[in-house]
$ cat entry.cif   # mmCIF, C-alpha atoms
data_query
loop_
_atom_site.label_atom_id
_atom_site.label_comp_id
_atom_site.auth_asym_id
_atom_site.auth_seq_id
_atom_site.Cartn_x
_atom_site.Cartn_y
_atom_site.Cartn_z
CA THR A 1 -6.15 26.77 39.92
CA LYS A 2 -8.17 29.77 38.76
CA GLU A 3 -4.95 31.61 37.88
CA GLU A 4 -3.80 28.73 35.67
CA GLU A 5 -7.19 28.56 33.92
CA ASP A 6 -6.99 32.28 33.13
CA GLU A 7 -3.50 31.80 31.73
CA TYR A 8 -4.58 28.95 29.42
CA GLU A 9 -7.56 30.95 28.18
CA GLU A 10 -5.33 33.72 26.85
CA GLU A 11 -5.30 33.70 23.02
CA ASP A 12 -2.62 35.04 20.71
CA GLU A 13 -3.78 37.51 18.08
CA TYR A 14 -3.29 36.23 14.53
CA GLU A 15 -5.37 37.63 11.71
CA ASP A 16 -4.60 35.19 8.90
CA GLU A 17 -7.41 33.72 6.82
CA ASN A 18 -6.04 30.20 7.16
CA GLY A 19 -4.41 30.58 10.56
CA ILE A 20 -4.46 27.70 13.03
CA THR A 21 -4.96 28.12 16.75
CA ILE A 22 -4.65 25.28 19.24
CA SER A 23 -7.34 26.50 21.54
CA MET A 24 -7.73 23.93 24.28
CA VAL A 25 -6.81 20.57 25.72
CA SER A 26 -9.36 18.56 27.67
CA THR A 27 -9.36 15.12 29.24
CA ARG A 28 -11.98 12.56 30.04
CA GLY A 29 -11.99 9.16 31.74
CA ASN A 30 -10.75 8.18 35.17
CA PHE A 31 -7.90 10.07 36.72
CA SER A 32 -5.11 7.54 36.17
CA LYS A 33 -6.00 6.78 32.54
CA CYS A 34 -7.18 9.98 30.89
CA THR A 35 -8.15 10.07 27.23
CA MET A 36 -6.81 13.25 25.65
CA GLU A 37 -8.84 15.47 23.37
CA VAL A 38 -7.15 18.20 21.35
CA ALA A 39 -9.07 20.96 19.60
CA VAL A 40 -7.80 22.94 16.60
CA GLU A 41 -9.52 26.25 15.92
CA LEU A 42 -9.26 28.20 12.68
CA CYS A 43 -9.43 31.98 12.54
CA ASP A 44 -12.98 31.84 11.16
CA GLY A 45 -14.10 29.98 14.30
CA THR A 46 -14.12 26.49 12.76
CA LEU A 47 -13.33 23.96 15.48
CA THR A 48 -12.22 20.36 15.04
CA THR A 49 -11.19 17.86 17.68
CA ALA A 50 -9.28 14.57 17.84
CA MET A 51 -8.85 12.09 20.66
CA VAL A 52 -6.15 9.60 21.54
CA PRO A 53 -6.12 7.03 24.37
CA PRO A 54 -4.05 7.38 27.51
CA ALA A 55 -0.38 6.60 27.86
CA GLU A 56 0.25 3.12 29.21
CA THR A 57 2.93 4.48 31.53
CA GLN A 58 0.51 6.66 33.49
CA THR A 59 -0.10 5.70 37.11
CA ASP A 60 -2.23 7.07 39.90
CA GLU A 61 0.86 8.85 41.23
CA THR A 62 2.08 10.41 37.98
CA TRP A 63 -1.02 11.45 36.03
CA ILE A 64 -1.22 14.99 37.46
CA ASP A 65 2.36 15.85 36.52
CA TYR A 66 1.95 14.14 33.15
CA TRP A 67 -1.13 16.13 32.14
CA SER A 68 0.34 19.40 33.39
CA ASN A 69 3.29 18.77 31.09
CA VAL A 70 1.01 17.82 28.17
CA VAL A 71 -0.82 21.14 28.51
CA PHE A 72 2.51 22.98 28.61
CA TYR A 73 3.77 21.01 25.60
CA ILE A 74 0.77 21.91 23.44
CA LYS A 75 0.46 25.53 24.55
CA HIS A 76 4.12 26.53 24.54
CA VAL A 77 5.79 24.14 22.07
CA ILE A 78 3.26 23.03 19.44
CA ARG A 79 0.84 25.95 19.31
CA PRO A 80 3.38 28.69 18.48
CA VAL A 81 4.79 26.55 15.65
CA LEU A 82 1.40 25.96 14.00
CA LEU A 83 0.02 29.48 14.23
CA GLY A 84 -0.64 30.80 10.73
CA MET A 85 -0.07 27.51 8.89
CA ASP A 86 -2.45 26.29 6.18
CA PRO A 87 -4.55 23.36 7.52
CA THR A 88 -4.83 21.90 4.00
CA ASP A 89 -1.05 21.51 3.80
CA GLN A 90 -0.85 18.39 5.96
CA VAL A 91 2.75 17.57 5.04
CA ASP A 92 4.10 20.93 6.22
CA VAL A 93 2.05 20.79 9.42
CA ASP A 94 3.29 17.27 10.20
CA GLU A 95 6.90 18.21 9.49
CA ALA A 96 6.52 21.05 12.01
CA LEU A 97 5.02 18.62 14.54
CA PHE A 98 7.86 16.18 13.96
CA ARG A 99 10.37 18.91 14.75
CA CYS A 100 8.53 19.49 18.03
CA LEU A 101 9.19 15.85 18.97
CA LYS A 102 12.91 16.55 19.14
CA ARG A 103 12.46 18.61 22.30
CA LYS A 104 13.07 16.59 25.46
CA PHE A 105 11.59 17.11 28.92
CA GLU A 106 12.34 16.06 32.46
CA ASP A 107 9.11 14.04 32.50
CA GLU A 108 10.02 10.67 30.94
CA ASP A 109 6.33 9.81 30.50
CA LEU A 110 5.93 12.84 28.25
CA ASN A 111 9.11 12.00 26.31
CA LYS A 112 7.79 8.48 25.67
CA ASN A 113 4.29 9.58 24.72
CA ALA A 114 4.81 12.91 22.97
CA GLY A 115 3.99 11.11 19.71
CA LYS A 116 0.44 10.54 20.94
CA VAL A 117 0.08 14.28 21.51
CA THR A 118 1.39 15.20 18.06
CA PHE A 119 -0.84 12.60 16.39
CA ALA A 120 -3.92 14.06 18.08
CA VAL A 121 -2.98 17.52 16.83
CA SER A 122 -2.18 16.16 13.35
CA ALA A 123 -5.56 14.37 13.14
CA ALA A 124 -7.43 17.49 14.26
CA VAL A 125 -5.61 19.55 11.61
CA CYS A 126 -6.47 16.91 8.99
CA LYS A 127 -10.16 17.27 9.88
CA ALA A 128 -9.85 21.05 9.65
CA GLY A 129 -8.21 20.73 6.23
CA ALA A 130 -11.13 18.66 4.95
CA LEU A 131 -13.59 21.29 6.17
CA VAL A 132 -11.63 24.09 4.47
CA LYS A 133 -11.67 22.12 1.20
CA GLY A 134 -15.36 21.37 1.64
CA GLU A 135 -15.03 17.61 1.14
CA SER A 136 -15.44 14.46 3.20
CA LEU A 137 -12.54 13.58 5.46
CA PHE A 138 -11.84 10.24 3.77
CA LEU A 139 -11.63 11.96 0.37
CA HIS A 140 -9.21 14.50 1.81
CA ILE A 141 -7.05 11.62 3.11
CA SER A 142 -7.17 9.97 -0.33
CA ASP A 143 -5.92 13.24 -1.85
CA LEU A 144 -3.04 13.31 0.64
CA ALA A 145 -2.09 9.72 -0.28
CA CYS A 146 -2.21 10.52 -4.01
CA ALA A 147 0.06 13.51 -3.43
CA LEU A 148 2.59 11.31 -1.59
CA ASP A 149 2.44 8.45 -4.13
CA ALA A 150 1.35 9.00 -7.72
CA HIS A 151 0.77 5.25 -8.09
CA PHE A 152 -1.84 5.12 -5.32
CA LEU A 153 -5.29 4.42 -6.76
CA PRO A 154 -8.17 4.76 -4.28
CA ASP A 155 -11.06 2.37 -4.79
CA SER A 156 -14.60 2.03 -3.50
CA VAL A 157 -13.99 -0.97 -1.23
CA VAL A 158 -15.20 -0.66 2.35
CA PRO A 159 -12.79 -2.25 4.90
CA VAL A 160 -13.89 -5.63 6.25
CA PRO A 161 -14.30 -5.52 10.06
CA VAL A 162 -12.39 -8.02 12.16
CA PHE A 163 -14.41 -8.75 15.32
CA ASN A 164 -13.13 -10.14 18.62
CA LEU A 165 -15.27 -12.80 20.24
CA THR A 166 -13.43 -14.24 23.25
CA PHE A 167 -10.52 -12.75 25.13
CA GLY A 168 -7.46 -14.29 26.76
CA GLY A 169 -3.81 -13.63 27.36
CA SER A 170 -2.56 -11.03 29.81
CA HIS A 171 -5.64 -8.83 29.24
CA SER A 172 -8.07 -11.15 31.06
CA ARG A 173 -8.38 -13.05 34.31
CA ASN A 174 -9.27 -16.38 32.72
CA LYS A 175 -6.98 -19.27 31.70
CA GLN A 176 -7.36 -18.68 27.96
CA LYS A 177 -4.04 -17.89 26.28
CA GLN A 178 -5.21 -16.20 23.07
CA HIS A 179 -8.02 -14.16 21.52
CA PHE A 180 -10.44 -15.62 19.01
CA VAL A 181 -11.59 -13.37 16.18
CA PHE A 182 -13.93 -13.81 13.23
CA ILE A 183 -14.13 -12.08 9.88
CA PRO A 184 -17.30 -11.84 7.75
CA LYS A 185 -16.92 -13.00 4.16
CA GLY A 186 -18.99 -13.07 1.00
CA PHE A 187 -21.50 -10.39 2.00
CA ARG A 188 -22.76 -7.88 -0.53
CA THR A 189 -22.91 -4.95 1.90
CA LEU A 190 -21.33 -3.94 5.18
CA ASP A 191 -24.80 -3.80 6.78
CA GLU A 192 -25.34 -7.51 6.10
CA ALA A 193 -21.92 -8.40 7.51
CA ILE A 194 -22.55 -6.40 10.69
CA GLU A 195 -25.97 -7.98 11.19
CA MET A 196 -24.50 -11.49 10.95
CA SER A 197 -21.60 -10.65 13.26
CA LYS A 198 -23.99 -9.18 15.82
CA ARG A 199 -25.99 -12.41 15.89
CA LEU A 200 -22.81 -14.42 16.40
CA TYR A 201 -21.60 -12.14 19.17
CA CYS A 202 -24.90 -12.24 21.06
CA GLY A 203 -25.49 -15.94 20.41
CA HIS A 204 -22.03 -17.18 21.37
CA LEU A 205 -22.61 -16.52 25.07
CA GLU A 206 -26.07 -18.07 25.05
CA VAL A 207 -25.10 -21.16 23.05
CA ASN A 208 -21.86 -22.07 24.79
CA HIS A 209 -20.87 -20.35 27.97
CA GLY A 210 -23.82 -19.18 30.06
CA GLU A 211 -23.08 -17.04 33.09
CA ASP A 212 -19.41 -18.11 33.21
CA ALA A 213 -18.57 -15.68 30.41
CA ILE A 214 -20.60 -12.62 31.38
CA ASP A 215 -17.36 -10.85 32.34
CA VAL A 216 -15.85 -9.00 29.38
CA GLY A 217 -12.29 -7.98 28.59
CA GLY A 218 -10.75 -4.69 27.60
CA GLU A 219 -12.30 -4.67 24.12
CA GLY A 220 -15.79 -5.73 25.20
CA VAL A 221 -15.39 -9.43 24.36
CA TYR A 222 -16.27 -12.47 26.43
CA THR A 223 -13.70 -13.98 28.79
CA PRO A 224 -14.78 -17.61 29.34
CA ASN A 225 -12.48 -19.72 31.46
CA ILE A 226 -11.24 -21.94 28.62
CA LYS A 227 -7.85 -23.56 29.04
CA GLU A 228 -7.43 -25.55 25.80
CA ILE A 229 -7.31 -23.71 22.49
CA LYS A 230 -9.12 -26.50 20.63
CA LYS A 231 -12.02 -26.37 23.07
CA GLY A 232 -12.40 -22.65 22.40
CA LEU A 233 -12.27 -23.18 18.64
CA ASN A 234 -14.81 -26.01 18.84
CA LEU A 235 -17.20 -23.77 20.77
CA LEU A 236 -16.74 -20.98 18.24
CA ARG A 237 -17.34 -23.37 15.37
CA SER A 238 -20.50 -24.72 17.02
CA THR A 239 -21.85 -21.18 17.38
CA ILE A 240 -21.13 -20.46 13.72
CA ALA A 241 -22.86 -23.70 12.70
CA SER A 242 -25.91 -23.01 14.90
CA PHE A 243 -26.51 -19.75 13.01
CA ASP A 244 -25.88 -21.38 9.63
CA CYS A 245 -22.86 -19.13 8.94
CA THR A 246 -20.21 -21.74 8.21
CA ASP A 247 -19.57 -20.39 4.72
CA LYS A 248 -19.84 -16.75 5.78
CA VAL A 249 -17.13 -16.48 8.43
CA PHE A 250 -13.35 -16.74 8.60
CA ILE A 251 -11.85 -17.71 11.97
CA GLY A 252 -8.70 -16.01 13.22
CA LEU A 253 -6.32 -16.14 16.18
CA ASP A 254 -4.70 -13.26 18.02
CA VAL A 255 -2.04 -15.28 19.82
CA GLY A 256 0.01 -12.62 21.58
CA ALA A 257 3.07 -14.87 21.52
CA SER A 258 5.29 -12.00 22.60
CA ILE A 259 3.77 -12.27 26.08
CA PHE A 260 4.88 -15.86 26.74
CA TYR A 261 8.25 -15.76 24.94
CA GLY A 262 11.17 -16.33 27.29
CA SER A 263 14.78 -15.21 27.35
CA ASP A 264 15.76 -18.80 26.47
CA GLU A 265 13.89 -18.40 23.14
CA THR A 266 11.09 -20.75 24.16
CA TYR A 267 7.34 -20.22 24.42
CA ARG A 268 5.66 -21.02 27.77
CA LEU A 269 2.22 -22.38 26.90
CA ASN A 270 1.17 -22.51 30.56
CA PHE A 271 2.20 -18.94 31.38
CA LYS A 272 -1.21 -18.16 32.93
CA GLU A 273 -1.02 -20.95 35.47
CA GLU A 274 0.45 -20.57 38.93
CA ASN A 275 3.61 -22.53 39.66
CA ASN A 276 3.91 -23.39 35.98
CA GLU A 277 6.60 -25.89 35.10
CA ASP A 278 9.07 -26.05 32.24
CA SER A 279 7.31 -29.10 30.81
CA LEU A 280 5.11 -26.90 28.58
CA LYS A 281 7.98 -24.88 27.16
CA ILE A 282 8.33 -25.34 23.41
CA PHE A 283 10.58 -23.90 20.73
CA GLY A 284 9.45 -22.02 17.65
CA ASP A 285 9.44 -25.13 15.43
CA ALA A 286 6.98 -26.87 17.72
CA LEU A 287 4.75 -23.79 17.95
CA LYS A 288 4.76 -23.56 14.15
CA ASP A 289 3.53 -27.17 14.03
CA VAL A 290 0.71 -26.24 16.42
CA TYR A 291 -0.41 -23.49 14.07
CA LYS A 292 -0.18 -25.87 11.12
CA SER A 293 -2.53 -28.38 12.77
CA LEU A 294 -5.01 -25.65 13.75
CA VAL A 295 -5.06 -24.19 10.23
CA GLU A 296 -5.74 -27.62 8.75
CA GLU A 297 -8.44 -28.58 11.27
CA TYR A 298 -10.27 -25.26 11.68
CA SER A 299 -9.47 -23.43 8.42
CA ILE A 300 -7.81 -20.57 10.29
CA ALA A 301 -7.51 -17.58 7.95
CA LEU A 302 -5.65 -15.09 10.17
CA ILE A 303 -2.90 -15.49 12.78
CA GLN A 304 -1.78 -12.34 14.55
CA ASP A 305 1.35 -12.03 16.66
CA ALA A 306 2.21 -15.71 16.06
CA PHE A 307 5.83 -15.34 17.21
CA HIS A 308 7.93 -12.87 19.14
CA PRO A 309 9.30 -9.99 16.97
CA ASN A 310 12.83 -11.31 17.54
CA ASP A 311 11.79 -14.73 16.22
CA SER A 312 11.57 -13.63 12.60
CA LYS A 313 12.89 -16.99 11.34
CA HIS A 314 9.79 -18.96 12.33
CA SER A 315 7.48 -16.12 11.33
CA ALA A 316 8.96 -16.19 7.82
CA GLU A 317 8.62 -19.99 7.66
CA LEU A 318 4.97 -19.77 8.68
CA THR A 319 4.34 -17.15 5.99
CA ASP A 320 6.03 -19.23 3.29
CA MET A 321 4.14 -22.34 4.37
CA TYR A 322 0.79 -20.94 3.24
CA ASP A 323 1.86 -18.60 0.43
CA GLY A 324 -0.79 -15.95 1.13
CA ARG A 325 -3.65 -18.36 2.01
CA VAL A 326 -3.30 -17.39 5.68
CA LEU A 327 -2.92 -13.77 6.77
CA VAL A 328 0.15 -13.68 9.05
CA VAL A 329 -0.21 -10.35 10.86
CA ILE A 330 2.93 -8.92 12.43
CA GLU A 331 2.39 -6.91 15.62
CA ASP A 332 5.60 -5.07 16.39
CA ASP A 333 5.43 -1.50 17.62
CA GLN A 334 9.08 -0.90 16.74
CA LEU A 335 8.43 -1.65 13.07
CA LEU A 336 5.88 1.15 12.97
CA ILE A 337 8.44 3.83 13.76
CA ASN A 338 11.51 2.29 12.11
CA PRO A 339 11.08 2.38 8.31
CA VAL A 340 14.54 0.90 7.66
CA ARG A 341 13.83 -2.16 9.77
CA LEU A 342 10.32 -2.46 8.34
CA GLU A 343 11.65 -2.51 4.79
CA ARG A 344 14.23 -5.16 5.73
CA GLU A 345 11.61 -7.38 7.38
CA MET A 346 9.22 -7.03 4.44
CA LYS A 347 12.01 -8.10 2.08
CA ASN A 348 12.64 -11.12 4.34
CA ASN A 349 8.94 -11.99 4.09
CA ILE A 350 8.41 -12.42 7.85
CA GLY A 351 4.66 -11.91 7.36
CA ASN A 352 2.17 -10.61 4.85
CA ALA A 353 0.29 -8.03 6.91
CA LEU A 354 1.08 -5.43 9.56
CA LEU A 355 -1.01 -4.36 12.52
CA LEU A 356 -1.09 -0.56 12.47
CA LYS A 357 -1.92 1.38 15.63
CA MET A 358 -2.26 4.81 14.17
CA ASP A 359 -1.74 6.86 17.34
CA GLN A 360 1.77 5.42 17.56
CA MET A 361 2.66 6.88 14.16
CA ARG A 362 3.13 10.44 15.55
CA THR A 363 1.52 12.17 12.57
CA VAL A 364 -1.11 11.47 9.90
CA THR A 365 1.50 11.76 7.13
CA LYS A 366 3.66 9.08 8.76
CA CYS A 367 0.59 6.84 8.99
CA ILE A 368 -0.25 7.31 5.31
CA ASP A 369 3.38 6.76 4.31
CA LEU A 370 3.51 3.45 6.20
CA VAL A 371 0.38 2.14 4.48
CA LEU A 372 1.75 3.13 1.07
CA ARG A 373 5.06 1.45 1.88
CA CYS A 374 3.26 -1.79 2.83
CA ASN A 375 1.23 -1.63 -0.38
CA SER A 376 4.41 -1.37 -2.46
CA TYR A 377 5.64 -4.67 -0.99
CA GLY A 378 2.31 -6.44 -1.36
CA TRP A 379 1.64 -6.46 2.37
CA GLY A 380 -1.82 -5.99 3.76
CA VAL A 381 -2.47 -3.62 6.64
CA VAL A 382 -4.90 -4.36 9.46
CA MET A 383 -5.80 -0.99 10.95
CA SER A 384 -6.13 -1.44 14.67
CA SER A 385 -8.14 0.65 17.01
CA HIS A 386 -5.96 2.93 19.09
CA ALA A 387 -3.38 1.30 21.29
CA SER A 388 -4.11 0.82 25.00
CA CYS A 389 -7.84 1.42 24.72
CA ASP A 390 -10.22 3.08 22.34
CA THR A 391 -11.99 6.40 21.98
CA GLN A 392 -15.18 7.53 20.28
CA ASP A 393 -13.19 9.41 17.65
CA THR A 394 -14.15 8.01 14.22
CA PHE A 395 -10.98 9.19 12.47
CA ILE A 396 -9.91 5.56 12.12
CA ALA A 397 -12.91 4.87 9.84
CA ASP A 398 -12.02 7.75 7.52
CA ILE A 399 -8.36 6.85 7.27
CA CYS A 400 -9.19 3.20 6.50
CA ARG A 401 -11.68 4.23 3.84
CA GLY A 402 -9.47 6.96 2.43
CA LEU A 403 -6.46 4.65 2.07
CA SER A 404 -8.58 1.80 0.60
CA MET A 405 -7.53 -0.54 3.40
CA LYS A 406 -9.01 -4.01 3.39
CA ARG A 407 -9.43 -4.74 7.12
CA ILE A 408 -10.09 -2.91 10.37
CA ASN A 409 -10.02 -4.31 13.90
CA MET A 410 -13.31 -3.51 15.60
CA GLY A 411 -13.23 -5.18 19.02
CA ALA A 412 -16.75 -6.17 20.05
CA HIS A 413 -20.23 -4.88 19.36
CA CYS A 414 -21.11 -3.95 22.94
CA LEU A 415 -18.66 -1.03 23.07
CA THR A 416 -19.91 2.43 22.14
CA ASN A 417 -16.66 3.25 20.34
CA SER A 418 -17.08 0.22 18.05
CA CYS A 419 -20.62 1.27 17.22
CA THR A 420 -19.60 4.85 16.39
CA VAL A 421 -16.83 3.67 14.06
CA LEU A 422 -19.14 1.14 12.37
CA ASN A 423 -21.78 3.83 11.90
CA ARG A 424 -19.23 6.16 10.32
#

$ encode --input "entry.cif" --output "structure tokens"
Amino acid sequence: TKEEEDEYEEEDEYEDENGITISMVSTRGNFSKCTMEVAVELCDGTLTTAMVPPAETQTDETWIDYWSNVVFYIKHVIRPVLLGMDPTDQVDVDEALFRCLKRKFEDEDLNKNAGKVTFAVSAAVCKAGALVKGESLFLHISDLACALDAHFLPDSVVPVPVFNLTFGGSHSRNKQKQHFVFIPKGFRTLDEAIEMSKRLYCGHLEVNHGEDAIDVGGEGVYTPNIKEIKKGLNLLRSTIASFDCTDKVFIGLDVGASIFYGSDETYRLNFKEENNEDSLKIFGDALKDVYKSLVEEYSIALIQDAFHPNDSKHSAELTDMYDGRVLVVIEDDQLLINPVRLEREMKNNIGNALLLKMDQMRTVTKCIDLVLRCNSYGWGVVMSSHASCDTQDTFIADICRGLSMKRINMGAHCLTNSCTVLNR
């Protein structure tokens, strides 16, 4: 209403040279899945913004109440705490934001997703801090990492993009059970790697699938109706060979095994078929053998979400089997926010890389700390685009570059958000 707009436009007076003012909250996207944009305004008029994707728990019935509570949360809980704080002191700002997370509300959606709100504010403050210091954002993030860990040594390596090519699992309407990804290798510059990957992406449809794969999934990748994993890998390999890129591409699998893991500790390989029978249920040992045969036949270099998070035994056996020659990426949202459990699992060697969805980390400092912790145990980190969906915020590019990360998930070339991040 007009009265509510007037109320939100009221500004508190604070005449501090480095004062912070949370000045507005805006949304974009469709009504049930709104991307949130937070703006942080300094007292000299400098304005920075950060975006995070929508909460997965939002529905058509609850989005109005949810966003009303988000606006209240930022204006009346976060904003008063941050007023007057120094935007270059990221640790203090994030500690203040973390204290805000302890407040509980009647809206369970907000309680579950308050961390997304605080991360958006934290990222916007981080951008403001870089502007105050007069340096690039990725350099500012490197400085923050060096302050947290004296042993951190930033280098000049640009993260290697991991591109999705075909989509499956619960995110598509086809019969394919997993996602296929590819990773450029051996290129001198990022420009050359992107050019090759673009040709593969555009040529894969033309060479193999025709009009059957015009539909695209949530990350802009093709969704051909492929039932057998080996058929999909053979088609991918034929595309790579047709463009003479056999020695320039790694093939990877995003299995999403958590989706078809049952309460009886078996994996249902036919989970996407109607009236599926128990005949295609297999245990972890058998699934590990499937991965072994695929790695040997197709030179698979990356397997993500190979087993359910509770099935750490087989994940550790798969990791030990290849001794670092295959990147076993663990996708477990609970590990991201539970440092004690993360440290225990890293000691048990259940993988050698972690998928990091930065908007689930609640603050920028927590995100940096997790990457540094993984580095100390020799784990790689694959920085994912935001959970749920993506935005056109390029903060992910700066944090990958600033923390000298080796890989970044990019989705597909046809999405605007992927292009903006690649350009950054």

$ resolve_selection --input "entry.cif" --expression "the PyMOL selection byres ((chain A and resi 351) around 7)" --output "JSON, numbers by chain"
{"A": [315, 316, 319, 328, 329, 330, 349, 350, 352, 353]}

$ closest_residue --input "entry.cif" --among "A:Ser68, A:Ser136, A:Thr88, A:Thr416" --to "Ser122 (chain A)" --atoms "only C-alpha atoms"
A:Thr88

$ residues_around --input "entry.cif" --residues "region 244-254 of chain A" --least-positions-apart "5" --cutoff "8 Å" --atoms "all atoms listed in the file" --output "list in words"
Gln178, His179, Phe180, Val181, Phe182, Ile183, Pro184, Lys185, Gly186, Phe187, Arg237, Tyr298, Ser299, Ile300, Ala301, Leu302, Ile303, Gln304, Asp305 and Ala306 of chain A

$ closest_residue --input "entry.cif" --among "A:Ala114, A:Leu336, A:Ile20, A:Val91" --to "Met36 (chain A)" --atoms "all atoms listed in the file"
A:Ala114

$ resolve_selection --input "entry.cif" --expression "the PyMOL selection byres ((chain A and resi 69) around 12)" --output "list in words"
Val25, Thr62, Trp63, Ile64, Asp65, Tyr66, Trp67, Ser68, Val70, Val71, Phe72, Tyr73, Ile74, Lys75, His76, Val77, Lys104, Phe105, Glu106, Asp107, Glu108, Asp109, Leu110, Asn111, Asn113, Ala114 and Val117 of chain A

$ residues_around --input "entry.cif" --residues "Asp143 (chain A)" --least-positions-apart "5" --cutoff "10 Å" --atoms "all atoms listed in the file" --output "PyMOL selection string"
chain A and resi 137-138+148-149+152+154+402-403

$ closest_residue --input "entry.cif" --among "A:Lys116, A:Lys127, A:Pro80, A:Ile141" --to "Thr46 (chain A)" --atoms "all atoms listed in the file"
A:Lys127

$ resolve_selection --input "entry.cif" --expression "the PyMOL selection byres ((chain A and resi 281) around 8)" --output "ChimeraX atom specification"
/A:266-270,278-280,282-283
